[in-house]
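**Q** Structure file my_file01.pdb, PDB, C-alpha atoms and all ligand atoms, is pasted below:
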```
ATOM      1  CA  MET D  27      -2.146  15.529 -19.290  1.00  0.00           C
ATOM      2  CA  ASN D  28      -2.084  16.650 -22.883  1.00  0.00           C
ATOM      3  CA  ALA D  29      -3.103  13.678 -25.015  1.00  0.00           C
ATOM      4  CA  ASP D  30      -1.418  15.230 -28.071  1.00  0.00           C
ATOM      5  CA  VAL D  31       2.050  14.699 -26.691  1.00  0.00           C
ATOM      6  CA  LEU D  32       1.467  11.499 -24.751  1.00  0.00           C
ATOM      7  CA  HIS D  33       1.130   8.043 -26.227  1.00  0.00           C
ATOM      8  CA  PRO D  34       0.802   4.891 -24.164  1.00  0.00           C
ATOM      9  CA  ALA D  35       4.021   2.936 -23.841  1.00  0.00           C
ATOM     10  CA  ALA D  36       3.890  -0.639 -25.113  1.00  0.00           C
ATOM     11  CA  ASN D  37       6.454  -3.371 -24.936  1.00  0.00           C
ATOM     12  CA  GLU D  38       7.406  -5.413 -28.008  1.00  0.00           C
ATOM     13  CA  LYS D  39       4.410  -7.722 -27.439  1.00  0.00           C
ATOM     14  CA  GLY D  40       2.058  -4.759 -27.565  1.00  0.00           C
ATOM     15  CA  LEU D  41       1.259  -4.930 -23.848  1.00  0.00           C
ATOM     16  CA  THR D  42       0.462  -1.592 -22.312  1.00  0.00           C
ATOM     17  CA  ILE D  43       0.021  -0.317 -18.796  1.00  0.00           C
ATOM     18  CA  GLN D  44      -2.608   2.317 -18.257  1.00  0.00           C
ATOM     19  CA  GLY D  45      -0.984   5.573 -17.221  1.00  0.00           C
ATOM     20  CA  LEU D  46       2.471   4.596 -18.509  1.00  0.00           C
ATOM     21  CA  THR D  47       3.803   6.748 -21.314  1.00  0.00           C
ATOM     22  CA  ARG D  48       7.232   6.941 -22.894  1.00  0.00           C
ATOM     23  CA  ILE D  49       8.000  10.048 -24.918  1.00  0.00           C
ATOM     24  CA  ASP D  50      11.041   9.372 -27.093  1.00  0.00           C
ATOM     25  CA  GLY D  51      13.347  12.285 -27.895  1.00  0.00           C
ATOM     26  CA  TRP D  52      11.867  14.482 -25.169  1.00  0.00           C
ATOM     27  CA  ILE D  53      15.299  16.094 -25.227  1.00  0.00           C
ATOM     28  CA  GLY D  54      17.829  16.037 -28.065  1.00  0.00           C
ATOM     29  CA  LYS D  55      21.464  14.865 -28.034  1.00  0.00           C
ATOM     30  CA  GLU D  56      22.910  18.325 -27.450  1.00  0.00           C
ATOM     31  CA  GLU D  57      20.662  18.999 -24.469  1.00  0.00           C
ATOM     32  CA  GLU D  58      21.447  15.543 -23.128  1.00  0.00           C
ATOM     33  CA  ARG D  59      25.195  16.325 -23.220  1.00  0.00           C
ATOM     34  CA  ARG D  60      24.619  19.672 -21.518  1.00  0.00           C
ATOM     35  CA  LEU D  61      22.500  18.100 -18.774  1.00  0.00           C
ATOM     36  CA  LEU D  62      25.067  15.349 -18.181  1.00  0.00           C
ATOM     37  CA  GLY D  63      27.707  18.076 -17.773  1.00  0.00           C
ATOM     38  CA  LEU D  64      25.563  19.793 -15.136  1.00  0.00           C
ATOM     39  CA  VAL D  65      24.901  16.490 -13.360  1.00  0.00           C
ATOM     40  CA  ASP D  66      28.604  15.727 -13.320  1.00  0.00           C
ATOM     41  CA  VAL D  67      29.534  18.918 -11.449  1.00  0.00           C
ATOM     42  CA  GLY D  68      26.888  18.217  -8.783  1.00  0.00           C
ATOM     43  CA  ASN D  69      27.469  16.757  -5.332  1.00  0.00           C
ATOM     44  CA  TRP D  70      26.844  13.051  -5.230  1.00  0.00           C
ATOM     45  CA  ARG D  71      25.543  11.295  -2.146  1.00  0.00           C
ATOM     46  CA  ASN D  72      27.041   7.878  -1.496  1.00  0.00           C
ATOM     47  CA  ASP D  73      24.588   6.493   1.043  1.00  0.00           C
ATOM     48  CA  LEU D  74      23.132   3.905  -1.392  1.00  0.00           C
ATOM     49  CA  LYS D  75      24.827   1.329  -3.622  1.00  0.00           C
ATOM     50  CA  ARG D  76      24.406   3.810  -6.481  1.00  0.00           C
ATOM     51  CA  ARG D  77      25.214   7.534  -6.376  1.00  0.00           C
ATOM     52  CA  VAL D  78      22.328   9.983  -6.071  1.00  0.00           C
ATOM     53  CA  GLN D  79      21.676  13.721  -5.908  1.00  0.00           C
ATOM     54  CA  HIS D  80      18.542  15.173  -4.285  1.00  0.00           C
ATOM     55  CA  PHE D  81      17.025  18.558  -5.079  1.00  0.00           C
ATOM     56  CA  GLY D  82      14.077  20.430  -3.597  1.00  0.00           C
ATOM     57  CA  TYR D  83      13.546  17.955  -0.760  1.00  0.00           C
ATOM     58  CA  LEU D  84      15.660  15.186   0.633  1.00  0.00           C
ATOM     59  CA  TYR D  85      13.976  11.788   0.408  1.00  0.00           C
ATOM     60  CA  ASP D  86      14.708   9.596   3.431  1.00  0.00           C
ATOM     61  CA  TYR D  87      15.065   6.080   1.975  1.00  0.00           C
ATOM     62  CA  ARG D  88      15.096   4.403   5.389  1.00  0.00           C
ATOM     63  CA  ALA D  89      11.971   6.121   6.742  1.00  0.00           C
ATOM     64  CA  ARG D  90      10.440   6.208   3.232  1.00  0.00           C
ATOM     65  CA  SER D  91       9.398   9.806   3.829  1.00  0.00           C
ATOM     66  CA  VAL D  92       9.923  13.458   3.028  1.00  0.00           C
ATOM     67  CA  SER D  93       9.816  15.940   5.916  1.00  0.00           C
ATOM     68  CA  PRO D  94       9.971  19.753   6.217  1.00  0.00           C
ATOM     69  CA  SER D  95      13.441  19.435   7.733  1.00  0.00           C
ATOM     70  CA  GLY D  96      14.457  17.809   4.459  1.00  0.00           C
ATOM     71  CA  ARG D  97      13.668  20.960   2.462  1.00  0.00           C
ATOM     72  CA  LEU D  98      16.751  21.794   0.425  1.00  0.00           C
ATOM     73  CA  GLY D  99      15.395  24.927  -1.240  1.00  0.00           C
ATOM     74  CA  PRO D 100      14.123  25.690  -4.728  1.00  0.00           C
ATOM     75  CA  LEU D 101      15.298  23.625  -7.663  1.00  0.00           C
ATOM     76  CA  PRO D 102      18.420  25.004  -9.325  1.00  0.00           C
ATOM     77  CA  GLU D 103      17.688  26.988 -12.489  1.00  0.00           C
ATOM     78  CA  TRP D 104      18.574  24.170 -14.903  1.00  0.00           C
ATOM     79  CA  LEU D 105      16.162  21.756 -13.196  1.00  0.00           C
ATOM     80  CA  ALA D 106      13.520  24.462 -12.760  1.00  0.00           C
ATOM     81  CA  VAL D 107      13.558  24.939 -16.557  1.00  0.00           C
ATOM     82  CA  LEU D 108      12.805  21.245 -17.052  1.00  0.00           C
ATOM     83  CA  ALA D 109      10.150  21.323 -14.313  1.00  0.00           C
ATOM     84  CA  GLY D 110       8.559  24.310 -16.079  1.00  0.00           C
ATOM     85  CA  ARG D 111       8.543  22.397 -19.366  1.00  0.00           C
ATOM     86  CA  LEU D 112       6.796  19.437 -17.695  1.00  0.00           C
ATOM     87  CA  PHE D 113       4.110  21.823 -16.461  1.00  0.00           C
ATOM     88  CA  ASP D 114       3.839  23.733 -19.769  1.00  0.00           C
ATOM     89  CA  GLN D 115       3.362  20.474 -21.670  1.00  0.00           C
ATOM     90  CA  GLY D 116       0.537  19.452 -19.338  1.00  0.00           C
ATOM     91  CA  ILE D 117       2.437  16.466 -17.979  1.00  0.00           C
ATOM     92  CA  PHE D 118       2.244  17.848 -14.414  1.00  0.00           C
ATOM     93  CA  SER D 119      -0.651  19.918 -13.093  1.00  0.00           C
ATOM     94  CA  SER D 120       1.832  22.160 -11.246  1.00  0.00           C
ATOM     95  CA  GLU D 121       5.605  22.422 -11.476  1.00  0.00           C
ATOM     96  CA  PRO D 122       7.278  19.450  -9.793  1.00  0.00           C
ATOM     97  CA  ASP D 123       9.391  20.568  -6.824  1.00  0.00           C
ATOM     98  CA  GLN D 124      11.547  17.533  -6.108  1.00  0.00           C
ATOM     99  CA  VAL D 125      14.150  15.792  -8.252  1.00  0.00           C
ATOM    100  CA  ILE D 126      16.339  12.781  -7.573  1.00  0.00           C
ATOM    101  CA  ILE D 127      19.216  12.058  -9.899  1.00  0.00           C
ATOM    102  CA  ASN D 128      20.317   8.421  -9.979  1.00  0.00           C
ATOM    103  CA  GLU D 129      23.515   7.160 -11.544  1.00  0.00           C
ATOM    104  CA  TYR D 130      23.677   3.524 -12.630  1.00  0.00           C
ATOM    105  CA  MET D 131      26.991   1.991 -13.538  1.00  0.00           C
ATOM    106  CA  PRO D 132      26.781  -1.407 -15.306  1.00  0.00           C
ATOM    107  CA  GLY D 133      25.675  -3.941 -12.680  1.00  0.00           C
ATOM    108  CA  GLN D 134      23.724  -1.405 -10.612  1.00  0.00           C
ATOM    109  CA  GLY D 135      19.938  -1.135 -10.418  1.00  0.00           C
ATOM    110  CA  ILE D 136      17.023  -0.098  -8.264  1.00  0.00           C
ATOM    111  CA  SER D 137      14.793  -2.559  -6.439  1.00  0.00           C
ATOM    112  CA  ALA D 138      11.092  -2.964  -7.188  1.00  0.00           C
ATOM    113  CA  HIS D 139       9.040  -0.218  -5.624  1.00  0.00           C
ATOM    114  CA  ILE D 140       6.066   2.093  -5.929  1.00  0.00           C
ATOM    115  CA  ASP D 141       7.099   5.691  -5.263  1.00  0.00           C
ATOM    116  CA  CYS D 142       6.042   6.801  -1.792  1.00  0.00           C
ATOM    117  CA  VAL D 143       2.295   7.455  -2.014  1.00  0.00           C
ATOM    118  CA  PRO D 144       1.794   9.927   0.813  1.00  0.00           C
ATOM    119  CA  CYS D 145       5.008  11.801  -0.057  1.00  0.00           C
ATOM    120  CA  PHE D 146       4.578  12.398  -3.782  1.00  0.00           C
ATOM    121  CA  GLY D 147       1.795  13.452  -6.125  1.00  0.00           C
ATOM    122  CA  GLU D 148      -0.034  11.575  -8.849  1.00  0.00           C
ATOM    123  CA  THR D 149       2.579  11.987 -11.586  1.00  0.00           C
ATOM    124  CA  ILE D 150       6.187  10.829 -11.713  1.00  0.00           C
ATOM    125  CA  ALA D 151       8.432  11.588 -14.709  1.00  0.00           C
ATOM    126  CA  ILE D 152      11.804   9.987 -15.391  1.00  0.00           C
ATOM    127  CA  LEU D 153      14.223  11.515 -17.903  1.00  0.00           C
ATOM    128  CA  SER D 154      16.931   9.121 -19.120  1.00  0.00           C
ATOM    129  CA  LEU D 155      20.457  10.213 -20.052  1.00  0.00           C
ATOM    130  CA  GLY D 156      23.408   8.079 -21.200  1.00  0.00           C
ATOM    131  CA  GLY D 157      23.049   4.338 -21.742  1.00  0.00           C
ATOM    132  CA  SER D 158      19.738   2.599 -22.408  1.00  0.00           C
ATOM    133  CA  VAL D 159      18.366   0.276 -19.778  1.00  0.00           C
ATOM    134  CA  VAL D 160      15.440  -2.097 -19.371  1.00  0.00           C
ATOM    135  CA  MET D 161      12.962  -1.180 -16.659  1.00  0.00           C
ATOM    136  CA  THR D 162      10.678  -3.936 -15.436  1.00  0.00           C
ATOM    137  CA  PHE D 163       7.103  -3.455 -14.267  1.00  0.00           C
ATOM    138  CA  ARG D 164       5.286  -5.983 -12.111  1.00  0.00           C
ATOM    139  CA  ARG D 165       1.673  -5.643 -11.114  1.00  0.00           C
ATOM    140  CA  ALA D 166       1.244  -5.293  -7.353  1.00  0.00           C
ATOM    141  CA  SER D 167      -1.835  -7.575  -7.309  1.00  0.00           C
ATOM    142  CA  ASN D 168      -0.797 -10.439  -9.624  1.00  0.00           C
ATOM    143  CA  ASP D 169       2.041 -11.755 -11.766  1.00  0.00           C
ATOM    144  CA  ALA D 170       1.528  -9.481 -14.785  1.00  0.00           C
ATOM    145  CA  HIS D 171       4.850  -8.239 -16.013  1.00  0.00           C
ATOM    146  CA  LEU D 172       6.207  -5.873 -18.648  1.00  0.00           C
ATOM    147  CA  ASP D 173       9.757  -4.935 -19.647  1.00  0.00           C
ATOM    148  CA  MET D 174      10.424  -1.568 -21.221  1.00  0.00           C
ATOM    149  CA  VAL D 175      13.570  -0.114 -22.741  1.00  0.00           C
ATOM    150  CA  LEU D 176      14.326   3.439 -21.650  1.00  0.00           C
ATOM    151  CA  PRO D 177      16.451   5.098 -24.341  1.00  0.00           C
ATOM    152  CA  ALA D 178      18.550   8.211 -23.765  1.00  0.00           C
ATOM    153  CA  GLY D 179      16.503  11.368 -24.179  1.00  0.00           C
ATOM    154  CA  SER D 180      13.212   9.637 -23.401  1.00  0.00           C
ATOM    155  CA  LEU D 181      10.792  10.750 -20.735  1.00  0.00           C
ATOM    156  CA  LEU D 182       8.822   8.076 -18.920  1.00  0.00           C
ATOM    157  CA  VAL D 183       5.627   9.316 -17.313  1.00  0.00           C
ATOM    158  CA  LEU D 184       3.833   7.290 -14.646  1.00  0.00           C
ATOM    159  CA  SER D 185       0.360   8.196 -13.509  1.00  0.00           C
ATOM    160  CA  GLY D 186      -2.830   6.366 -12.482  1.00  0.00           C
ATOM    161  CA  PRO D 187      -2.429   2.554 -12.472  1.00  0.00           C
ATOM    162  CA  ALA D 188       1.213   2.790 -13.618  1.00  0.00           C
ATOM    163  CA  ARG D 189       1.972   5.029 -10.638  1.00  0.00           C
ATOM    164  CA  TYR D 190      -0.089   3.224  -7.992  1.00  0.00           C
ATOM    165  CA  GLY D 191      -0.689  -0.357  -9.126  1.00  0.00           C
ATOM    166  CA  TRP D 192       2.624  -1.470 -10.619  1.00  0.00           C
ATOM    167  CA  LEU D 193       6.069  -1.847  -9.075  1.00  0.00           C
ATOM    168  CA  HIS D 194       8.954  -0.665 -11.219  1.00  0.00           C
ATOM    169  CA  ALA D 195      12.571  -1.780 -10.983  1.00  0.00           C
ATOM    170  CA  ILE D 196      15.867  -1.825 -12.835  1.00  0.00           C
ATOM    171  CA  PRO D 197      17.453  -5.227 -12.329  1.00  0.00           C
ATOM    172  CA  ALA D 198      21.073  -4.996 -11.162  1.00  0.00           C
ATOM    173  CA  ARG D 199      22.875  -6.602 -14.104  1.00  0.00           C
ATOM    174  CA  LYS D 200      25.517  -5.750 -16.655  1.00  0.00           C
ATOM    175  CA  ALA D 201      23.552  -6.357 -19.865  1.00  0.00           C
ATOM    176  CA  ASP D 202      19.978  -6.220 -21.130  1.00  0.00           C
ATOM    177  CA  ILE D 203      18.256  -7.883 -24.065  1.00  0.00           C
ATOM    178  CA  ILE D 204      17.223  -5.007 -26.309  1.00  0.00           C
ATOM    179  CA  ALA D 205      15.424  -5.815 -29.578  1.00  0.00           C
ATOM    180  CA  GLY D 206      16.595  -9.412 -29.178  1.00  0.00           C
ATOM    181  CA  VAL D 207      20.263  -8.451 -28.811  1.00  0.00           C
ATOM    182  CA  ARG D 208      22.303  -8.838 -25.622  1.00  0.00           C
ATOM    183  CA  THR D 209      23.467  -5.285 -25.009  1.00  0.00           C
ATOM    184  CA  GLN D 210      26.140  -4.324 -22.473  1.00  0.00           C
ATOM    185  CA  ARG D 211      24.992  -1.539 -20.221  1.00  0.00           C
ATOM    186  CA  GLN D 212      26.729   1.828 -20.220  1.00  0.00           C
ATOM    187  CA  ARG D 213      26.615   4.457 -17.506  1.00  0.00           C
ATOM    188  CA  ARG D 214      23.046   5.748 -17.223  1.00  0.00           C
ATOM    189  CA  VAL D 215      21.818   8.809 -15.359  1.00  0.00           C
ATOM    190  CA  SER D 216      18.146   9.454 -14.656  1.00  0.00           C
ATOM    191  CA  LEU D 217      16.360  12.549 -13.429  1.00  0.00           C
ATOM    192  CA  THR D 218      13.109  11.749 -11.607  1.00  0.00           C
ATOM    193  CA  PHE D 219      10.664  14.623 -11.148  1.00  0.00           C
ATOM    194  CA  ARG D 220       8.017  14.525  -8.432  1.00  0.00           C
ATOM    195  CA  SER D 221       5.704  16.862  -6.516  1.00  0.00           C
ATOM    196  CA  VAL D 222       5.958  16.709  -2.735  1.00  0.00           C
ATOM    197  CA  VAL D 223       2.468  16.550  -1.234  1.00  0.00           C
ATOM    198  CA  THR D 224       3.125  15.868   2.410  1.00  0.00           C
ATOM    199  CA  SER D 225       5.701  17.424   4.644  1.00  0.00           C
ATOM    200  CA  ASP D 226       4.979  16.189   8.162  1.00  0.00           C
TER     201      ASP D 226
HETATM  202  O1  LIG D 301      16.276   5.616 -12.529  1.00  0.00           O
HETATM  203  C1  LIG D 301      15.161   5.333 -12.890  1.00  0.00           C
HETATM  204  O2  LIG D 301      14.847   5.234 -14.070  1.00  0.00           O
HETATM  205  C2  LIG D 301      14.118   5.036 -11.853  1.00  0.00           C
HETATM  206  C3  LIG D 301      14.241   5.901 -10.652  1.00  0.00           C
HETATM  207  C4  LIG D 301      13.244   5.552  -9.599  1.00  0.00           C
HETATM  208  O3  LIG D 301      12.423   4.687  -9.773  1.00  0.00           O
HETATM  209  C5  LIG D 301      13.263   6.249  -8.332  1.00  0.00           C
HETATM  210  O4  LIG D 301      14.151   7.080  -8.074  1.00  0.00           O
HETATM  211  O5  LIG D 301      12.378   5.965  -7.499  1.00  0.00           O
END
```
Kindly transcribe the structure held in the file into structure tokens.
**A**
Amino acid sequence: MNADVLHPAANEKGLTIQGLTRIDGWIGKEEERRLLGLVDVGNWRNDLKRRVQHFGYLYDYRARSVSPSGRLGPLPEWLAVLAGRLFDQGIFSSEPDQVIINEYMPGQGISAHIDCVPCFGETIAILSLGGSVVMTFRRASNDAHLDMVLPAGSLLVLSGPARYGWLHAIPARKADIIAGVRTQRQRRVSLTFRSVVTSD
């Protein structure tokens, strides 16, 4: 990764997780609106509590796997441009080839997990659009815990210990405490970029 563009993410107490980086304003407001428009004309899958779209490869949530039969084809141009930017900026060592779009309405979340280790490569990047949300991180081996706000336009990068040693989650609730203020959630959409490394 290019250390010039990446700074470790810290919560308000100054706690950091190695390999966790939040880049604020990775995209601007106009690009965010354009991307939301493209997301909104996509085909949503309704097999989870929240709506999702998969690109590149289908991820099988039940089997926790990616298989060759789940190949959906190349990323559409608008996602390929973002994947290319992630590579050009040194965030990924090759262009990510899988994207999952998640939509969170107020009250929806994602349970604590570490992204499938045999399926996906060493870097995960999450682009946030729409409302801000608090993501929680819990260390797999002890009770260490960190909350982090993900503002619209930010890119969260997980690698190393943040990728492999910490579970991340978005609690299913209707409001978060952000800068000490109870803040009602708004619709949030995230684009998660990954590289598929196994396909058996
Ligand atoms: O929506 C997010 O910010 C997190 C997405 C995520 O963790 C996942 O899809 O595995």
**Q** D:Arg213, D:His80, D:Arg208, D:Arg164: which is nearest Tyr190 of chain D, counting all atoms listed in the file?
**A**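 Comparing D:Arg213, D:His80, D:Arg208, D:Arg164 against Tyr190 of chain D, the winner is D:Arg164.
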**Q** Please identify every polymer residue within 9 Å of ligand LIG 301 (chain D), using all atoms listed in the file, and present the set as a VMD selection string.
**A** chain D and resid 78 125 to 130 135 to 142 150 152 to 154 159 161 176 182 194 to 196 214 to 219
**Q** Once you have the residues from the selection above, write them out as a PDB file, keeping the file's coordinate frame, restricted to C-alpha atoms.
**A**
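So the final result, stored in selection.pdb, reads:
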```pdb
ATOM      1  CA  VAL D  78      22.328   9.983  -6.071  1.00  0.00           C
ATOM      2  CA  VAL D 125      14.150  15.792  -8.252  1.00  0.00           C
ATOM      3  CA  ILE D 126      16.339  12.781  -7.573  1.00  0.00           C
ATOM      4  CA  ILE D 127      19.216  12.058  -9.899  1.00  0.00           C
ATOM      5  CA  ASN D 128      20.317   8.421  -9.979  1.00  0.00           C
ATOM      6  CA  GLU D 129      23.515   7.160 -11.544  1.00  0.00           C
ATOM      7  CA  TYR D 130      23.677   3.524 -12.630  1.00  0.00           C
ATOM      8  CA  GLY D 135      19.938  -1.135 -10.418  1.00  0.00           C
ATOM      9  CA  ILE D 136      17.023  -0.098  -8.264  1.00  0.00           C
ATOM     10  CA  SER D 137      14.793  -2.559  -6.439  1.00  0.00           C
ATOM     11  CA  ALA D 138      11.092  -2.964  -7.188  1.00  0.00           C
ATOM     12  CA  HIS D 139       9.040  -0.218  -5.624  1.00  0.00           C
ATOM     13  CA  ILE D 140       6.066   2.093  -5.929  1.00  0.00           C
ATOM     14  CA  ASP D 141       7.099   5.691  -5.263  1.00  0.00           C
ATOM     15  CA  CYS D 142       6.042   6.801  -1.792  1.00  0.00           C
ATOM     16  CA  ILE D 150       6.187  10.829 -11.713  1.00  0.00           C
ATOM     17  CA  ILE D 152      11.804   9.987 -15.391  1.00  0.00           C
ATOM     18  CA  LEU D 153      14.223  11.515 -17.903  1.00  0.00           C
ATOM     19  CA  SER D 154      16.931   9.121 -19.120  1.00  0.00           C
ATOM     20  CA  VAL D 159      18.366   0.276 -19.778  1.00  0.00           C
ATOM     21  CA  MET D 161      12.962  -1.180 -16.659  1.00  0.00           C
ATOM     22  CA  LEU D 176      14.326   3.439 -21.650  1.00  0.00           C
ATOM     23  CA  LEU D 182       8.822   8.076 -18.920  1.00  0.00           C
ATOM     24  CA  HIS D 194       8.954  -0.665 -11.219  1.00  0.00           C
ATOM     25  CA  ALA D 195      12.571  -1.780 -10.983  1.00  0.00           C
ATOM     26  CA  ILE D 196      15.867  -1.825 -12.835  1.00  0.00           C
ATOM     27  CA  ARG D 214      23.046   5.748 -17.223  1.00  0.00           C
ATOM     28  CA  VAL D 215      21.818   8.809 -15.359  1.00  0.00           C
ATOM     29  CA  SER D 216      18.146   9.454 -14.656  1.00  0.00           C
ATOM     30  CA  LEU D 217      16.360  12.549 -13.429  1.00  0.00           C
ATOM     31  CA  THR D 218      13.109  11.749 -11.607  1.00  0.00           C
ATOM     32  CA  PHE D 219      10.664  14.623 -11.148  1.00  0.00           C
TER      33      PHE D 219
END
```
**Q** Would you mind telling me which residue in D:Trp104, D:Phe113, D:Tyr87, D:Phe146 lies nearest to Val65 of chain D when using all atoms listed in the file?
**A**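 Looking only at the distances to Val65 of chain D, the closest residue turns out to be D:Trp104.
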**Q** Name the residues in contact with Ser119 of chain D at a cut-off of 12 Å, using only C-alpha atoms, excluding same-chain residues fewer than 2 positions from it; report them as a list in words.
**A** Met27, Asn28, Ala109, Gly110, Arg111, Leu112, Phe113, Asp114, Gln115, Gly116, Ile117, Glu121, Pro122, Asp123, Gly147, Glu148, Thr149, Ile150, Ser185, Arg220 and Ser221 of chain D
**Q** Considering all atoms listed in the file, can you say which of D:Arg48, D:Pro187, D:Asp66, D:Gln124 comes closest to Tyr83 of chain D?
**A**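 For Tyr83 of chain D, the nearest of the given residues is D:Gln124.
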**Q** Choose the residue, out of D:Gly82, D:Met131, D:Gly179, D:Leu172, that has the smallest atom-to-atom separation from Ser95 of chain D; count all atoms listed in the file.
**A**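 Nearest to Ser95 of chain D: D:Gly82.
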**Q** Quick one: pull the distance between atom CA of Val107 of chain D and atom CA of Asp50 of chain D, Å, one decimal.
**A**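 So the answer is 19.0 Å.
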**Q** Looking at D:Gly133, D:Cys145, D:Gly63, D:Gly68, which one is nearest to Ala89 of chain D, with distances taken over all atoms listed in the file?
**A**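 The answer is D:Cys145, which sits nearest to Ala89 of chain D.
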**Q** Could you tell me, as a list in words, which residues have any atom at most 9 Å from (17.0, -3.5, -25.6), counting only C-alpha atoms?
**A**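 Those within range, by chain then number, are Ser158, Val159, Val160, Met174, Val175, Leu176, Pro177, Asp202, Ile203, Ile204, Ala205, Gly206, Val207, Arg208 and Thr209 of chain D.
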**Q** Can those selected residues be exported to a file as a compact mmCIF listing (two decimals), in the coordinates of the input so that it contains C-alpha atoms?
**A**
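Contents of the output file selection-v1.txt:
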```txt
# COMPACT_ATOMS: atom_id res chain seq x y z
CA SER D 158 19.74 2.60 -22.41
CA VAL D 159 18.37 0.28 -19.78
CA VAL D 160 15.44 -2.10 -19.37
CA MET D 174 10.42 -1.57 -21.22
CA VAL D 175 13.57 -0.11 -22.74
CA LEU D 176 14.33 3.44 -21.65
CA PRO D 177 16.45 5.10 -24.34
CA ASP D 202 19.98 -6.22 -21.13
CA ILE D 203 18.26 -7.88 -24.06
CA ILE D 204 17.22 -5.01 -26.31
CA ALA D 205 15.42 -5.82 -29.58
CA GLY D 206 16.60 -9.41 -29.18
CA VAL D 207 20.26 -8.45 -28.81
CA ARG D 208 22.30 -8.84 -25.62
CA THR D 209 23.47 -5.28 -25.01
```
**Q** For each of D:Leu101, D:Leu62, D:Ala178, D:Leu46, take the minimum atom-to-atom distance to Phe81 of chain D, counting all atoms listed in the file, then give the residue where this is smallest.
**A**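 Of D:Leu101, D:Leu62, D:Ala178, D:Leu46, the one nearest Phe81 of chain D, counting all atoms listed in the file, is D:Leu101.
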**Q** Report, in Å with one decimal, the straight-line distance from atom CA of Arg71 of chain D to atom CA of Pro132 of chain D.
**A**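 Spanning atom CA of Arg71 of chain D to atom CA of Pro132 of chain D is a straight-line distance of 18.3 Å.
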**Q** Please report the interatomic distance between atom CA of Val143 of chain D and atom CA of Ala166 of chain D in Å with one decimal.
**A** 13.9 Å
**Q** Extending 8 Å beyond the listed atoms of segment 121-137 of chain D on each side, what axis-aligned box results? I want centre and edge lengths in Å to one decimal, as JSON.
**A**
```
{"center_x": 16.3, "center_y": 9.2, "center_z": -10.7, "size_x": 37.4, "size_y": 42.4, "size_z": 25.2}
```
**Q** Identify all residues satisfying the PyMOL selection byres (((chain D and resi 211) around 6) and not hetatm) in the given file; provide them as a ChimeraX atom specification.
**A** /D:132,200-201,210,212
**Q** With a distance cut-off of 12 Å and all atoms listed in the file, select the neighbouring residues of Arg88 of chain D, excluding the residue or stretch itself and same-chain residues fewer than 4 positions from it, and output the selection as JSON, numbers by chain.
**A** {"D": [73, 74, 84, 92, 142]}
**Q** List every protein, DNA or RNA residue that has an atom no more than 8 Å from (23.7, -8.9, -8.8) in the file's coordinate frame, counting all atoms listed in the file, and report them as an mmCIF file with C-alpha atoms, in the coordinates of the input.
**A**
```
data_model
loop_
_atom_site.group_PDB
_atom_site.id
_atom_site.type_symbol
_atom_site.label_atom_id
_atom_site.label_comp_id
_atom_site.auth_asym_id
_atom_site.auth_seq_id
_atom_site.Cartn_x
_atom_site.Cartn_y
_atom_site.Cartn_z
ATOM 1 C CA GLY D 133 25.675 -3.941 -12.680
ATOM 2 C CA GLN D 134 23.724 -1.405 -10.612
ATOM 3 C CA ALA D 198 21.073 -4.996 -11.162
ATOM 4 C CA ARG D 199 22.875 -6.602 -14.104
#
```
**Q** Residue by residue, what does the PyMOL selection byres (((chain D and resi 53) around 10) and not hetatm) grab here? Present the result as a ChimeraX atom specification.
**A** /D:49-52,54-58,61,108,153-155,178-181
